[in-house]
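Below is one structure; the comments refer to it alone.
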Amino acid sequence: MRRLLTLLLYIAALTLTASGQERKPQNKPYIDLRPTHFGISVGFHMQDIEFRNVGPQVVVADDGTETIETVVCDQDNWNPGFSVGVLADQLLTKHLSLRVAPTMHFGAKHLMYHFLTRTDNEGRMLTATQDMKNTYIAFPINLKFSSERFNNHRPYLIGGINPMINLTSKSQDFIQLKRYDTMLEFGLGCDFYLPFFKLIPELKFSYSLVNSLDSGHADELTDASYRVYTNSVSSGHSKMVTLTFYFE
């Protein structure tokens with residue numbers, strides 16, 4: 001609570017400071033009057049996925065014997081990636097616009113599996129890892145609400161949905177994600193009006209609205225020993241934090 005109060009006081013101080021600034025000559029003073037804007041984007045993102053583990057499961061060996069195993073799966077850290085795209089912005093009102101920004105995301109997820117019912121020769125918990133590389137084509141459709149422009153900057157809020165296509169080919173890894181996903185996203189940014197173009201840094205948070213996990217992947221595995229890992233989770237929701245720089 002103390003940190004939140006400090007942050008609010010800091011934002012209030014910045015607001016008061018900005019309101020007391022003198023007016024300066026504006027760069028590109030008529031650019032926001034155009035009904036349509038186009039641009040390009042580059043950025044960085046961090047991928048994560050939130051799993052629901054099933055807990056104890058019955059594992060049937062090749063000879064028909066059954067055992068109870070418990071495997072816990074989680075992504076051990078946020079993995080960085082690279083993003084590049086294009087932008088089309090349609091002005092709806094003075095403060096509201098509709099934005100479409102097709103983007104390609106190149107990244108990966110690093111998964112950890114912990115066997116709670118097995119140990120190695122030294123008595124340590126057995127673990128396994130999976131590097132899941134992901135290449136997405138995203139088609140975010142967002143509403144952008146902008147404040148009044150002051151001098152050469154204009155902050156805004158943004159939110160919408162983001163349908164995505166996973167271009168990663170199928171593999172024999174433990175877990176496989178679905179080809180299609182849809183994310184809910186929101187964020188904030190600021191238009192900076194430079195002499196020859198607009199630079200727009202934006203921070204955006206995305207969360208999957210559907211189960212991203214390919215639930216039929218266990219039946220496609222040729223190695224039956226992998227299924228204890230595949231069946232350890234029942235669903236997964238992808239998450240992404242994206243820092244993007246738009247150039248209009």
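Just remember, in the structure tokens the first chain shown is A, the second B, etc., residues are 1-based per chain, and ligands are 1-based in the order shown.
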
Show me, as an MDAnalysis selection string, the residues that have an atom within 9 Å of region 217-227 of chain A when counting only C-alpha atoms, minus same-chain residues fewer than 5 positions from it. chainID A and resid 59 61:62 171:177 232

Go ahead and write the selection's residues with N, CA, C and O atoms as a PDB file, in the first residue's frame.
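Final file, again-v3.pdb:
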ATOM      1  N   VAL A  59      -0.848 -43.888 -14.423  1.00  0.00           N
ATOM      2  CA  VAL A  59       0.027 -44.155 -15.561  1.00  0.00           C
ATOM      3  C   VAL A  59       0.043 -45.660 -15.795  1.00  0.00           C
ATOM      4  O   VAL A  59       0.344 -46.442 -14.886  1.00  0.00           O
ATOM      5  N   ALA A  61       1.755 -48.750 -17.653  1.00  0.00           N
ATOM      6  CA  ALA A  61       2.989 -49.171 -18.316  1.00  0.00           C
ATOM      7  C   ALA A  61       2.675 -50.103 -19.478  1.00  0.00           C
ATOM      8  O   ALA A  61       1.535 -50.537 -19.676  1.00  0.00           O
ATOM      9  N   ASP A  62       3.725 -50.442 -20.255  1.00  0.00           N
ATOM     10  CA  ASP A  62       3.541 -51.320 -21.410  1.00  0.00           C
ATOM     11  C   ASP A  62       3.065 -52.717 -21.013  1.00  0.00           C
ATOM     12  O   ASP A  62       2.360 -53.383 -21.777  1.00  0.00           O
ATOM     13  N   SER A 171       5.365 -31.035 -33.068  1.00  0.00           N
ATOM     14  CA  SER A 171       6.581 -31.740 -32.681  1.00  0.00           C
ATOM     15  C   SER A 171       6.212 -32.878 -31.733  1.00  0.00           C
ATOM     16  O   SER A 171       5.049 -33.078 -31.386  1.00  0.00           O
ATOM     17  N   GLN A 172       7.237 -33.610 -31.305  1.00  0.00           N
ATOM     18  CA  GLN A 172       7.061 -34.705 -30.358  1.00  0.00           C
ATOM     19  C   GLN A 172       7.463 -34.280 -28.945  1.00  0.00           C
ATOM     20  O   GLN A 172       7.793 -35.115 -28.103  1.00  0.00           O
ATOM     21  N   ASP A 173       7.435 -32.960 -28.687  1.00  0.00           N
ATOM     22  CA  ASP A 173       7.726 -32.475 -27.344  1.00  0.00           C
ATOM     23  C   ASP A 173       6.593 -32.841 -26.399  1.00  0.00           C
ATOM     24  O   ASP A 173       5.503 -33.249 -26.820  1.00  0.00           O
ATOM     25  N   PHE A 174       6.833 -32.629 -25.104  1.00  0.00           N
ATOM     26  CA  PHE A 174       5.850 -33.007 -24.087  1.00  0.00           C
ATOM     27  C   PHE A 174       4.519 -32.312 -24.283  1.00  0.00           C
ATOM     28  O   PHE A 174       3.449 -32.929 -24.233  1.00  0.00           O
ATOM     29  N   ILE A 175       4.568 -30.989 -24.501  1.00  0.00           N
ATOM     30  CA  ILE A 175       3.353 -30.177 -24.588  1.00  0.00           C
ATOM     31  C   ILE A 175       3.352 -29.416 -25.904  1.00  0.00           C
ATOM     32  O   ILE A 175       4.389 -28.923 -26.357  1.00  0.00           O
ATOM     33  N   GLN A 176       2.169 -29.311 -26.487  1.00  0.00           N
ATOM     34  CA  GLN A 176       1.986 -28.592 -27.743  1.00  0.00           C
ATOM     35  C   GLN A 176       0.857 -27.585 -27.563  1.00  0.00           C
ATOM     36  O   GLN A 176      -0.153 -27.875 -26.908  1.00  0.00           O
ATOM     37  N   LEU A 177       1.020 -26.390 -28.147  1.00  0.00           N
ATOM     38  CA  LEU A 177      -0.029 -25.376 -28.082  1.00  0.00           C
ATOM     39  C   LEU A 177      -0.890 -25.415 -29.332  1.00  0.00           C
ATOM     40  O   LEU A 177      -0.469 -25.881 -30.387  1.00  0.00           O
ATOM     41  N   SER A 232       0.023 -34.051 -17.478  1.00  0.00           N
ATOM     42  CA  SER A 232       0.159 -33.434 -16.158  1.00  0.00           C
ATOM     43  C   SER A 232      -0.605 -32.115 -16.047  1.00  0.00           C
ATOM     44  O   SER A 232      -0.824 -31.616 -14.947  1.00  0.00           O
TER      45      SER A 232
END

As a ChimeraX atom specification, list the residues of region 29-224 of chain A assigned to strand (DSSP E or B) by DSSP on the backbone atoms of this structure. /A:36-53,56-60,66-75,79-91,96-100,103-119,125-138,141-146,150,153-166,177,180-193,198-208,213

Give me, as a VMD selection string, all polymer residues having an atom no more than 12 Å from Asn79 (chain A), counting only C-alpha atoms and skipping those fewer than 3 positions away in the same chain. chain A and resid 44 to 49 75 to 76 82 106 to 111 131 to 134 239 to 242

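With only C-alpha atoms as the basis for measurement, A:Ser97 is the residue among A:Ser147, A:Thr70, A:Thr103, A:Ser97 that approaches Pro35 (chain A) most closely.
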
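Of the listed residues (A:Ser238, A:Thr182, A:Thr230, A:Thr135), A:Thr135 comes nearest to Asn166 (chain A); the distances count only C-alpha atoms.
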
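Minimum distance to Asn162 (chain A) across A:Thr127, A:Asn121, A:Phe196, A:Ser206 (counting only C-alpha atoms) occurs at A:Ser206.
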
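Counting from CA of Asn152 (chain A), the distance to CA of Glu185 (chain A) is 26.8 Å.
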
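Taking CA of Ser212 (chain A) and CA of Pro102 (chain A) as the two end points, the separation is 20.2 Å.
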
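Considering only C-alpha atoms, the residue among A:Val54, A:Val100, A:Met164, A:Val84 positioned nearest to Leu243 (chain A) is A:Val84.
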
Record the distance separating CA of Ile141 (chain A) and CA of Arg99 (chain A), expressed in Å with one decimal. 5.9 Å

Nearest candidate to Leu199 (chain A) (options A:Tyr156, A:Tyr246, A:Phe186, A:Tyr180; using only C-alpha atoms): A:Tyr246
